[in-house]
>>> print(open('my_file-v1.cif').read())   # mmCIF, C-alpha atoms and all ligand atoms
data_data
#
loop_
_atom_site.label_atom_id
_atom_site.label_comp_id
_atom_site.auth_asym_id
_atom_site.auth_seq_id
_atom_site.Cartn_x
_atom_site.Cartn_y
_atom_site.Cartn_z
CA MET A 26 -39.11 13.05 -65.67
CA LYS A 27 -38.47 12.92 -69.39
CA ASN A 28 -41.45 14.89 -70.67
CA SER A 29 -41.32 18.65 -70.59
CA ILE A 30 -44.59 18.79 -68.64
CA THR A 31 -46.46 16.40 -66.33
CA LEU A 32 -49.99 16.78 -65.03
CA LEU A 33 -50.33 16.66 -61.26
CA ASN A 34 -53.04 14.17 -60.34
CA LYS A 35 -52.63 14.05 -56.57
CA CYS A 36 -51.46 16.37 -53.82
CA ARG A 37 -47.68 16.29 -53.37
CA ILE A 38 -47.97 16.21 -49.58
CA CYS A 39 -50.98 14.07 -48.66
CA LYS A 40 -51.62 12.33 -52.03
CA SER A 41 -55.32 13.23 -52.00
CA GLN A 42 -56.95 13.56 -55.40
CA LYS A 43 -59.43 16.15 -54.19
CA LEU A 44 -57.89 19.17 -55.88
CA PHE A 45 -59.84 22.39 -56.55
CA LYS A 46 -58.65 24.79 -59.28
CA PHE A 47 -59.08 28.44 -58.23
CA ILE A 48 -57.03 30.40 -60.76
CA ASP A 49 -56.07 29.68 -64.34
CA LEU A 50 -53.50 31.91 -66.03
CA GLY A 51 -53.52 29.91 -69.26
CA PRO A 52 -50.47 28.88 -71.30
CA MET A 53 -47.38 30.84 -70.27
CA PRO A 54 -43.72 30.75 -71.33
CA ILE A 55 -41.15 29.79 -68.70
CA PRO A 56 -40.83 33.06 -66.76
CA ASN A 57 -37.02 33.14 -66.70
CA GLY A 58 -36.74 31.96 -70.31
CA PHE A 59 -35.17 35.17 -71.64
CA LEU A 60 -34.34 35.10 -75.36
CA GLU A 61 -31.49 36.26 -77.52
CA GLU A 62 -32.39 38.43 -80.50
CA LYS A 63 -31.50 35.64 -82.93
CA ASP A 64 -34.14 33.36 -81.36
CA LEU A 65 -37.05 35.77 -81.45
CA ASN A 66 -38.60 34.19 -84.53
CA LYS A 67 -38.46 30.65 -83.16
CA THR A 68 -41.59 29.16 -81.57
CA GLU A 69 -41.50 29.44 -77.80
CA SER A 70 -42.92 26.62 -75.70
CA LYS A 71 -45.77 27.60 -73.42
CA TYR A 72 -47.06 25.59 -70.49
CA GLU A 73 -50.40 25.71 -68.71
CA LEU A 74 -50.27 27.70 -65.50
CA SER A 75 -53.05 27.17 -63.02
CA CYS A 76 -53.29 26.73 -59.28
CA LEU A 77 -55.10 24.11 -57.22
CA ILE A 78 -55.80 23.74 -53.53
CA CYS A 79 -55.83 20.29 -51.94
CA GLU A 80 -59.16 19.93 -50.17
CA ASN A 81 -57.60 17.52 -47.70
CA CYS A 82 -54.37 19.15 -46.46
CA GLU A 83 -54.88 22.62 -47.97
CA LEU A 84 -51.61 22.72 -49.90
CA VAL A 85 -51.82 25.16 -52.81
CA GLN A 86 -49.94 23.83 -55.82
CA LEU A 87 -49.60 24.08 -59.59
CA SER A 88 -51.60 21.78 -61.80
CA ASN A 89 -48.53 20.94 -63.93
CA ILE A 90 -44.88 20.21 -63.40
CA VAL A 91 -42.43 21.47 -65.99
CA ASN A 92 -39.20 19.48 -66.28
CA PRO A 93 -36.70 21.23 -63.94
CA ASP A 94 -33.88 20.84 -66.49
CA LEU A 95 -35.71 23.31 -68.70
CA MET A 96 -35.85 25.88 -65.93
CA PHE A 97 -32.84 25.62 -63.66
CA LYS A 98 -29.75 24.53 -65.61
CA ASN A 99 -28.95 28.01 -66.81
CA TYR A 100 -30.50 30.41 -64.33
CA VAL A 101 -30.60 34.18 -64.63
CA TYR A 102 -32.00 35.22 -61.24
CA VAL A 103 -29.48 36.33 -58.61
CA PRO A 104 -30.48 37.78 -55.20
CA SER A 105 -27.26 39.78 -54.89
CA VAL A 106 -28.66 42.65 -56.99
CA SER A 107 -30.92 43.69 -54.11
CA MET A 108 -29.87 45.33 -50.84
CA MET A 109 -33.05 44.08 -49.20
CA MET A 110 -32.17 40.47 -50.05
CA MET A 111 -28.59 40.90 -48.88
CA ASP A 112 -29.73 42.47 -45.58
CA ASN A 113 -32.05 39.52 -45.08
CA PHE A 114 -29.26 37.01 -45.74
CA ARG A 115 -26.98 38.85 -43.30
CA ASP A 116 -29.74 38.66 -40.70
CA LEU A 117 -30.29 34.93 -41.31
CA SER A 118 -26.60 34.10 -41.00
CA LEU A 119 -26.26 36.16 -37.80
CA GLN A 120 -29.34 34.52 -36.28
CA ALA A 121 -28.01 31.04 -37.04
CA TYR A 122 -24.47 31.87 -35.94
CA ASN A 123 -25.57 33.29 -32.59
CA ASP A 124 -28.39 30.86 -31.81
CA PHE A 125 -26.55 27.67 -32.60
CA GLY A 126 -23.01 28.50 -31.45
CA LEU A 127 -21.41 27.87 -34.84
CA ASN A 128 -17.62 27.81 -35.13
CA GLN A 129 -14.91 27.06 -37.71
CA ASP A 130 -15.69 23.34 -37.57
CA SER A 131 -19.39 23.80 -38.29
CA LEU A 132 -20.64 23.01 -41.76
CA VAL A 133 -23.41 25.09 -43.34
CA VAL A 134 -25.00 23.66 -46.49
CA ASP A 135 -27.20 25.93 -48.61
CA ILE A 136 -29.71 24.23 -50.88
CA GLY A 137 -30.39 26.34 -53.97
CA SER A 138 -27.23 28.31 -53.22
CA ASN A 139 -27.48 30.41 -56.39
CA ASP A 140 -24.41 32.68 -56.71
CA GLY A 141 -23.24 31.94 -53.15
CA SER A 142 -24.63 35.19 -51.68
CA LEU A 143 -25.98 33.67 -48.45
CA LEU A 144 -22.99 31.41 -47.84
CA LEU A 145 -20.62 34.35 -48.23
CA PHE A 146 -22.05 35.71 -44.95
CA PHE A 147 -21.53 32.36 -43.21
CA LYS A 148 -18.02 32.21 -44.60
CA GLY A 149 -17.50 35.68 -43.12
CA HIS A 150 -18.40 34.22 -39.70
CA GLY A 151 -15.67 31.61 -40.23
CA THR A 152 -17.79 28.46 -40.71
CA ARG A 153 -17.25 25.84 -43.40
CA VAL A 154 -19.73 26.19 -46.23
CA LEU A 155 -21.09 24.18 -49.14
CA GLY A 156 -23.51 25.26 -51.84
CA VAL A 157 -25.78 22.90 -53.80
CA ASP A 158 -27.42 24.21 -56.95
CA PRO A 159 -28.24 22.77 -60.39
CA ALA A 160 -27.40 26.04 -62.22
CA GLU A 161 -24.01 25.56 -63.81
CA ASN A 162 -23.60 29.24 -64.69
CA LEU A 163 -24.26 30.40 -61.10
CA ALA A 164 -22.09 27.70 -59.51
CA LYS A 165 -19.17 29.10 -61.53
CA ILE A 166 -19.76 32.54 -60.05
CA ALA A 167 -20.10 31.15 -56.52
CA LYS A 168 -16.84 29.24 -56.91
CA MET A 169 -15.12 32.44 -58.07
CA LYS A 170 -16.23 34.00 -54.77
CA GLY A 171 -14.64 31.09 -52.91
CA ILE A 172 -17.88 29.20 -52.19
CA PRO A 173 -17.50 25.47 -52.90
CA THR A 174 -20.58 24.44 -54.86
CA GLU A 175 -21.90 21.08 -56.04
CA VAL A 176 -23.86 21.39 -59.28
CA LYS A 177 -26.80 19.19 -58.35
CA LEU A 178 -30.48 19.17 -57.62
CA PHE A 179 -30.99 18.43 -53.95
CA ASN A 180 -32.73 15.11 -53.29
CA SER A 181 -32.27 12.13 -50.98
CA LYS A 182 -29.96 10.36 -53.43
CA ASN A 183 -27.66 13.37 -53.78
CA ALA A 184 -27.82 14.05 -50.02
CA LYS A 185 -26.12 10.67 -49.45
CA ILE A 186 -23.36 11.58 -51.90
CA LEU A 187 -22.86 14.93 -50.15
CA LYS A 188 -22.79 13.33 -46.70
CA ASN A 189 -20.13 10.84 -47.78
CA LYS A 190 -18.01 13.56 -49.32
CA TYR A 191 -18.35 16.41 -46.79
CA GLY A 192 -19.80 14.89 -43.61
CA GLN A 193 -23.00 16.00 -41.89
CA ALA A 194 -24.17 19.59 -41.77
CA ASP A 195 -24.83 21.59 -38.61
CA VAL A 196 -27.10 23.97 -40.47
CA ILE A 197 -28.96 23.43 -43.72
CA THR A 198 -30.46 26.53 -45.28
CA ALA A 199 -33.07 26.49 -48.05
CA THR A 200 -34.26 29.97 -48.94
CA ASN A 201 -36.81 30.44 -51.73
CA VAL A 202 -36.25 26.93 -52.98
CA VAL A 203 -38.68 24.51 -51.30
CA ALA A 204 -41.43 25.78 -53.60
CA HIS A 205 -39.32 24.47 -56.50
CA ILE A 206 -39.18 20.92 -55.17
CA ASN A 207 -41.63 18.34 -56.45
CA ASP A 208 -41.08 15.50 -53.97
CA LEU A 209 -41.12 17.24 -50.61
CA HIS A 210 -41.00 14.02 -48.58
CA ASP A 211 -37.84 13.08 -50.44
CA PHE A 212 -36.46 16.57 -49.64
CA PHE A 213 -36.96 15.91 -45.92
CA GLU A 214 -35.44 12.44 -46.26
CA GLY A 215 -32.35 14.07 -47.79
CA VAL A 216 -32.24 16.76 -45.10
CA SER A 217 -32.60 14.16 -42.37
CA ASP A 218 -29.68 12.18 -43.79
CA LEU A 219 -27.37 15.14 -44.30
CA LEU A 220 -28.15 16.97 -41.05
CA SER A 221 -26.19 16.19 -37.89
CA LYS A 222 -28.13 14.90 -34.87
CA ASN A 223 -28.65 18.33 -33.32
CA GLY A 224 -28.51 20.25 -36.60
CA VAL A 225 -31.15 22.70 -37.81
CA LEU A 226 -32.90 23.31 -41.09
CA ILE A 227 -33.74 26.95 -41.86
CA THR A 228 -36.19 27.61 -44.66
CA GLU A 229 -37.62 30.81 -46.07
CA PHE A 230 -40.54 31.00 -48.46
CA PRO A 231 -43.23 33.48 -49.49
CA TYR A 232 -46.24 33.11 -47.19
CA LEU A 233 -49.34 32.12 -49.14
CA VAL A 234 -51.64 34.26 -47.02
CA GLU A 235 -49.70 37.38 -48.09
CA LEU A 236 -49.81 36.22 -51.72
CA ILE A 237 -53.60 36.02 -51.62
CA ARG A 238 -54.10 39.15 -49.53
CA GLY A 239 -51.71 41.19 -51.64
CA ASN A 240 -52.99 40.05 -55.07
CA GLU A 241 -49.52 38.69 -55.83
CA PHE A 242 -50.77 36.46 -58.65
CA ASP A 243 -47.62 37.06 -60.70
CA THR A 244 -45.54 35.07 -58.20
CA ILE A 245 -47.48 32.04 -59.43
CA TYR A 246 -45.28 30.49 -62.10
CA HIS A 247 -43.87 27.17 -63.29
CA GLU A 248 -40.81 27.26 -61.04
CA HIS A 249 -43.00 27.48 -57.94
CA LEU A 250 -44.74 24.14 -57.64
CA SER A 251 -46.15 24.79 -54.14
CA TYR A 252 -47.38 27.91 -52.29
CA PHE A 253 -47.12 27.38 -48.58
CA ALA A 254 -49.36 28.37 -45.75
CA LEU A 255 -48.34 27.14 -42.30
CA LYS A 256 -50.93 24.40 -41.85
CA PRO A 257 -49.82 22.14 -44.75
CA TRP A 258 -46.15 22.97 -44.13
CA LEU A 259 -46.43 21.90 -40.50
CA LYS A 260 -48.15 18.70 -41.57
CA LEU A 261 -45.27 17.96 -43.93
CA VAL A 262 -42.67 18.79 -41.28
CA GLU A 263 -44.30 16.61 -38.62
CA SER A 264 -44.86 13.68 -40.93
CA ASN A 265 -41.12 13.71 -41.54
CA ASP A 266 -40.29 13.73 -37.81
CA PHE A 267 -39.17 17.33 -37.64
CA GLU A 268 -40.59 20.23 -35.63
CA ILE A 269 -40.58 24.00 -36.03
CA ILE A 270 -38.69 25.78 -33.27
CA ARG A 271 -38.79 29.34 -34.53
CA LEU A 272 -40.84 31.50 -36.88
CA LYS A 273 -39.99 34.97 -38.15
CA LYS A 274 -42.05 37.03 -40.58
CA LEU A 275 -40.07 38.73 -43.34
CA SER A 276 -40.87 41.45 -45.86
CA THR A 277 -39.01 39.75 -48.74
CA HIS A 278 -40.87 38.64 -51.87
CA GLY A 279 -44.09 40.38 -50.89
CA GLY A 280 -44.22 38.78 -47.41
CA SER A 281 -42.33 35.63 -46.44
CA ILE A 282 -41.63 33.51 -43.37
CA ARG A 283 -38.41 32.08 -42.02
CA LEU A 284 -38.80 28.80 -40.16
CA THR A 285 -36.17 26.99 -38.13
CA HIS A 286 -36.63 23.24 -37.72
CA ARG A 287 -34.95 20.42 -35.87
CA ARG A 288 -35.59 16.74 -35.41
CA LYS A 289 -38.61 16.02 -33.20
CA ALA A 290 -37.29 15.90 -29.65
CA GLY A 291 -39.81 13.45 -28.20
CA LYS A 292 -43.18 11.89 -28.84
CA ASN A 293 -45.10 14.87 -27.43
CA LYS A 294 -46.28 17.46 -29.88
CA LYS A 295 -44.61 20.83 -29.14
CA THR A 296 -46.91 23.82 -29.10
CA ASN A 297 -45.82 27.19 -30.37
CA SER A 298 -48.30 30.00 -29.74
CA LYS A 299 -47.18 32.04 -32.76
CA ILE A 300 -47.68 29.09 -35.10
CA ASP A 301 -50.96 28.05 -33.49
CA PHE A 302 -52.26 31.61 -33.83
CA LEU A 303 -51.35 31.85 -37.51
CA ILE A 304 -52.83 28.45 -38.32
CA ALA A 305 -56.06 29.38 -36.52
CA GLN A 306 -56.16 32.57 -38.60
CA GLU A 307 -55.54 30.59 -41.81
CA GLU A 308 -58.36 28.23 -40.93
CA SER A 309 -60.90 30.92 -40.16
CA ASP A 310 -60.15 33.34 -43.03
CA PHE A 311 -58.46 31.49 -45.72
CA TYR A 312 -59.18 27.87 -46.56
CA ASN A 313 -62.42 28.39 -48.37
CA LYS A 314 -63.37 28.60 -52.00
CA LYS A 315 -64.87 32.07 -51.55
CA THR A 316 -61.55 33.62 -50.48
CA LEU A 317 -59.69 31.93 -53.30
CA ARG A 318 -62.26 32.86 -55.93
CA GLY A 319 -62.23 36.43 -54.57
CA PHE A 320 -58.49 36.52 -55.23
CA ALA A 321 -58.99 35.46 -58.87
CA THR A 322 -61.66 38.15 -59.30
CA ARG A 323 -59.38 40.85 -57.87
CA VAL A 324 -56.66 39.84 -60.33
CA ALA A 325 -59.12 40.19 -63.23
CA THR A 326 -60.08 43.69 -61.98
CA LEU A 327 -56.43 44.66 -61.64
CA LYS A 328 -55.87 43.67 -65.26
CA ILE A 329 -58.62 46.03 -66.44
CA GLU A 330 -57.40 48.89 -64.23
CA LEU A 331 -53.78 48.61 -65.26
CA LEU A 332 -54.53 48.24 -68.98
CA ASN A 333 -56.87 51.26 -68.86
CA LEU A 334 -54.19 53.33 -67.20
CA LEU A 335 -51.41 52.29 -69.58
CA ASN A 336 -53.56 52.67 -72.71
CA ASN A 337 -54.71 56.13 -71.63
CA LEU A 338 -51.15 57.23 -71.01
CA LYS A 339 -50.11 55.92 -74.43
CA LYS A 340 -53.00 57.82 -76.06
CA LYS A 341 -51.64 60.97 -74.42
CA GLY A 342 -48.28 60.25 -76.04
CA LYS A 343 -46.49 59.31 -72.81
CA ARG A 344 -43.49 57.03 -72.91
CA ILE A 345 -43.59 54.10 -70.50
CA VAL A 346 -40.88 51.60 -69.60
CA GLY A 347 -40.68 48.73 -67.10
CA TYR A 348 -38.36 48.36 -64.09
CA GLY A 349 -37.14 44.91 -63.07
CA ALA A 350 -37.24 42.06 -65.59
CA ALA A 351 -38.37 39.80 -62.78
CA ALA A 352 -39.90 36.39 -63.47
CA LYS A 353 -43.07 37.81 -61.90
CA GLY A 354 -42.92 40.72 -64.36
CA ASN A 355 -42.90 38.25 -67.22
CA ILE A 356 -46.04 36.62 -65.85
CA LEU A 357 -47.74 39.98 -65.40
CA THR A 358 -46.89 41.24 -68.89
CA ASN A 359 -47.92 37.95 -70.52
CA TYR A 360 -51.14 37.51 -68.58
CA PHE A 361 -52.15 41.17 -68.95
CA ASN A 362 -50.96 41.24 -72.57
CA ILE A 363 -48.53 44.12 -72.16
CA GLY A 364 -45.93 44.07 -74.92
CA PRO A 365 -43.32 46.38 -76.46
CA GLU A 366 -46.11 48.50 -77.96
CA ILE A 367 -46.76 49.69 -74.39
CA LEU A 368 -43.41 49.23 -72.61
CA ASP A 369 -40.53 50.49 -74.76
CA TYR A 370 -38.11 48.38 -72.74
CA ILE A 371 -37.41 47.11 -69.23
CA VAL A 372 -34.36 48.10 -67.20
CA ASP A 373 -32.74 45.56 -64.90
CA SER A 374 -29.50 45.51 -62.94
CA THR A 375 -28.88 41.78 -63.52
CA PRO A 376 -26.05 41.56 -66.07
CA TYR A 377 -27.31 38.13 -67.33
CA LYS A 378 -30.65 39.60 -68.39
CA GLN A 379 -29.36 42.73 -70.12
CA GLY A 380 -29.29 42.56 -73.92
CA LEU A 381 -31.93 39.80 -73.92
CA PHE A 382 -35.69 39.88 -74.57
CA THR A 383 -38.44 38.85 -72.17
CA PRO A 384 -40.13 35.48 -72.73
CA GLY A 385 -43.47 35.69 -74.51
CA LYS A 386 -43.70 39.43 -74.93
CA HIS A 387 -40.17 40.01 -76.30
CA ILE A 388 -39.59 43.31 -74.52
CA PRO A 389 -35.89 44.29 -74.65
CA VAL A 390 -33.98 44.42 -71.35
CA TYR A 391 -31.37 47.10 -70.74
CA ALA A 392 -29.14 48.25 -67.90
CA GLU A 393 -30.67 50.63 -65.35
CA ASN A 394 -28.69 53.67 -66.51
CA ARG A 395 -30.78 53.75 -69.70
CA LEU A 396 -33.45 55.45 -67.58
CA THR A 397 -31.24 58.43 -66.80
CA ILE A 398 -30.20 58.87 -70.40
CA ASP A 399 -33.61 58.26 -71.93
CA ARG A 400 -35.96 59.90 -69.43
CA PRO A 401 -39.31 58.24 -70.18
CA ASN A 402 -42.45 59.70 -68.55
CA TYR A 403 -43.58 56.65 -66.59
CA VAL A 404 -41.90 53.59 -65.12
CA LEU A 405 -44.00 50.50 -64.37
CA ILE A 406 -42.30 48.73 -61.46
CA LEU A 407 -42.58 45.05 -62.36
CA ALA A 408 -40.33 44.10 -59.43
CA TRP A 409 -42.95 45.65 -57.09
CA ASN A 410 -41.51 43.71 -54.14
CA PHE A 411 -38.53 46.08 -54.35
CA ALA A 412 -40.60 49.23 -55.05
CA ASP A 413 -39.22 51.19 -52.05
CA GLU A 414 -35.63 50.26 -52.85
CA ILE A 415 -36.06 51.14 -56.54
CA ILE A 416 -37.83 54.47 -55.90
CA GLU A 417 -35.12 55.48 -53.44
CA LYS A 418 -32.38 54.50 -55.89
CA GLU A 419 -34.03 56.39 -58.76
CA LYS A 420 -35.04 59.51 -56.86
CA ASP A 421 -33.58 61.74 -59.58
CA PHE A 422 -36.08 60.27 -62.06
CA ARG A 423 -38.92 61.56 -59.88
CA LYS A 424 -37.19 64.89 -59.25
CA ASN A 425 -37.08 65.34 -63.01
CA GLY A 426 -40.84 64.84 -63.29
CA GLY A 427 -40.96 61.08 -63.93
CA LYS A 428 -43.63 58.94 -62.27
CA PHE A 429 -43.65 55.37 -61.01
CA ILE A 430 -46.59 53.01 -61.44
CA ILE A 431 -46.78 50.24 -58.85
CA PRO A 432 -49.22 47.50 -59.92
CA ILE A 433 -49.29 45.28 -56.81
CA PRO A 434 -50.77 44.96 -54.17
CA LYS A 435 -52.92 47.84 -55.48
CA LEU A 436 -52.47 50.01 -58.52
CA LYS A 437 -50.71 53.18 -57.41
CA ILE A 438 -48.91 56.10 -59.10
CA VAL A 439 -46.14 57.89 -57.21
P1 LIG B 1 -37.30 39.26 -57.98
O1 LIG B 1 -38.53 39.98 -57.66
O2 LIG B 1 -36.32 39.15 -56.90
O3 LIG B 1 -37.59 37.79 -58.37
P2 LIG B 1 -38.41 36.99 -59.44
O4 LIG B 1 -37.56 36.99 -60.68
O5 LIG B 1 -38.47 35.67 -58.78
O6 LIG B 1 -39.77 37.58 -59.67
O7 LIG B 1 -36.63 39.95 -59.25
C1 LIG B 1 -36.34 41.30 -59.18
C2 LIG B 1 -35.73 41.77 -60.46
O8 LIG B 1 -35.56 43.17 -60.34
C3 LIG B 1 -34.37 41.17 -60.70
O9 LIG B 1 -34.22 40.85 -62.07
C4 LIG B 1 -33.40 42.29 -60.35
C5 LIG B 1 -34.22 43.52 -60.62
N1 LIG B 1 -33.82 44.68 -59.80
C6 LIG B 1 -33.26 45.78 -60.45
O10 LIG B 1 -33.11 45.78 -61.67
N2 LIG B 1 -32.88 46.86 -59.69
C7 LIG B 1 -33.04 46.87 -58.34
O11 LIG B 1 -32.69 47.87 -57.68
C8 LIG B 1 -33.62 45.74 -57.69
C9 LIG B 1 -33.82 45.72 -56.22
C10 LIG B 1 -34.00 44.66 -58.46
#
>>> encode(input="my_file-v1.cif", output="structure tokens", more="lines below")
Ligand code: TYD
Amino acid sequence: MKNSITLLNKCRICKSQKLFKFIDLGPMPIPNGFLEEKDLNKTESKYELSCLICENCELVQLSNIVNPDLMFKNYVYVPSVSMMMMDNFRDLSLQAYNDFGLNQDSLVVDIGSNDGSLLLFFKGHGTRVLGVDPAENLAKIAKMKGIPTEVKLFNSKNAKILKNKYGQADVITATNVVAHINDLHDFFEGVSDLLSKNGVLITEFPYLVELIRGNEFDTIYHEHLSYFALKPWLKLVESNDFEIIRLKKLSTHGGSIRLTHRRKAGKNKKTNSKIDFLIAQEESDFYNKKTLRGFATRVATLKIELLNLLNNLKKKGKRIVGYGAAAKGNILTNYFNIGPEILDYIVDSTPYKQGLFTPGKHIPVYAENRLTIDRPNYVLILAWNFADEIIEKEKDFRKNGGKFIIPIPKLKIV
């Protein structure tokens, strides 16, 4: 893909051209495209951001595909800044280790391995590990932690290279990464090649039903090409001769699911009551234009409510800052038009974001301790998926009279 953006003209799973647009966020900068001060006067590229549902297989997907090189080569997001994410990774590694009898000969490959956080737990259990990630900056960090990492996008071509070099994997993990992949059939082809005969694939992704229910519109951005409910995911899995053997609901990223897959054991379709129940629920409540349009309307209402609140506070002379320079925060501030005239700055614990400015709105990002020194009146939690963790960590801010504003799922002041 040479162009910076390509229009999607058919569903990436079933190839149907019957695509219905249900939310349009307009042109948006790349959400992790943080800027240095010297670049603030340069023109920033913006790319259309809108979401479609396939009327055939029900996959929700973006209408455009931005060239991955623009988004993933130098990546600033790391999960290791959150205890919640680390607890979840520990849980995943323990589940896999216990369920599949892993030992020091087993190979665990993590697709989208980021800074090696998940594989560090597997390494702790004594298995062999390999990370695959296109972000050169993060691979360096992973390698410093002792996690061998191949700087590559995962696809069927690269899976062959990995198999020849390292052998087949007993476990392949792919957390918060399948949404980034354009050709999902090719992804499964690569997994099928790299995975040993009895190996398992464990994926985690935000569950679309929670996204819609919880008004999580700001998790819609260029990096996330697909938004999965179970029905289209299962269709994809089965059409690639895999089956789901386990499902676990997670609280990460506003409500996610962890799915364990293996090669289809026989010709008969396996039934799983948990999956059947969720798909039946999706079909009765969810796959209709009314529900999806209702979501877009709630987002528009949220915009009015939040802007009213922030503007009133500013009129009263209150000082407001943001917490968490999350990609989702950059979507929220851009779509709601919240700039440095409202948020003095955003604090964030990620060292790679500190000292930079947010894409589009150019709000400066500082380290978290700025809050203690500066004592603003209100903090808008942009990383609302970590609201509990952040409020607990910053309890002194509240003790000293500060208040938190949580925008999603519903506007709330605490
Ligand atoms: P996250 O919601 O995980 O992802 P995304 O970028 O995909 O929207 O991002 C959370 C951001 O919040 C991340 O930049 C780290 C930051 N953060 C803090 O600054 N302090 C914290 O205590 C936590 C939990 C997160």
>>> closest_atom_pairs(input="my_file-v1.cif", of="chain A", to="ligand LIG 1 (chain B)", cutoff="6 Å", atoms="all atoms listed in the file", output="tab-separated table")
residue	atom	partner	partner_atom	distance
A:Tyr102	CA	B:LIG1	O4	5.9
A:Val106	CA	B:LIG1	C4	5.8
A:Ser107	CA	B:LIG1	C9	4.1
A:Gly349	CA	B:LIG1	O8	3.6
A:Ala350	CA	B:LIG1	O9	4.8
A:Ala351	CA	B:LIG1	O4	3.6
A:Ala352	CA	B:LIG1	O4	3.7
A:Lys353	CA	B:LIG1	O6	4.0
A:Asp373	CA	B:LIG1	O10	3.3
A:Ser374	CA	B:LIG1	O10	3.8
A:Thr375	CA	B:LIG1	C4	5.5
A:Ala408	CA	B:LIG1	O1	4.8
A:Asn410	CA	B:LIG1	O1	5.9
A:Phe411	CA	B:LIG1	C9	5.1
A:Glu414	CA	B:LIG1	C9	5.9
A:Ile415	CA	B:LIG1	O11	4.8
>>> closest_residue(input="my_file-v1.cif", among="A:Asn57, A:Ser131, A:Thr68, A:Thr358", to="Phe97 (chain A)", atoms="all atoms listed in the file")
A:Asn57
>>> residues_around(input="my_file-v1.cif", residues="Leu436 (chain A)", least_positions_apart="3", cutoff="10 Å", atoms="all atoms listed in the file", output="ChimeraX atom specification")
/A:327-328,330-331,334,430-433
>>> closest_residue(input="my_file-v1.cif", among="A:Asn201, A:Asn81, A:Tyr360, A:Arg400", to="Gln42 (chain A)", atoms="all atoms listed in the file")
A:Asn81
>>> residues_around(input="my_file-v1.cif", residues="region 261-263 of chain A", least_positions_apart="6", cutoff="8 Å", atoms="all atoms listed in the file", output="list in words")
Ile38, Leu209, His210, Phe213, Ile269 and Lys289 of chain A
>>> write_last_selection(input="my_file-v1.cif", atoms="C-alpha atoms", output="mmCIF file, in the frame of the given file")
data_model
loop_
_atom_site.group_PDB
_atom_site.id
_atom_site.type_symbol
_atom_site.label_atom_id
_atom_site.label_comp_id
_atom_site.auth_asym_id
_atom_site.auth_seq_id
_atom_site.Cartn_x
_atom_site.Cartn_y
_atom_site.Cartn_z
ATOM 1 C CA ILE A 38 -47.970 16.210 -49.580
ATOM 2 C CA LEU A 209 -41.120 17.240 -50.610
ATOM 3 C CA HIS A 210 -41.000 14.020 -48.580
ATOM 4 C CA PHE A 213 -36.960 15.910 -45.920
ATOM 5 C CA ILE A 269 -40.580 24.000 -36.030
ATOM 6 C CA LYS A 289 -38.610 16.020 -33.200
#
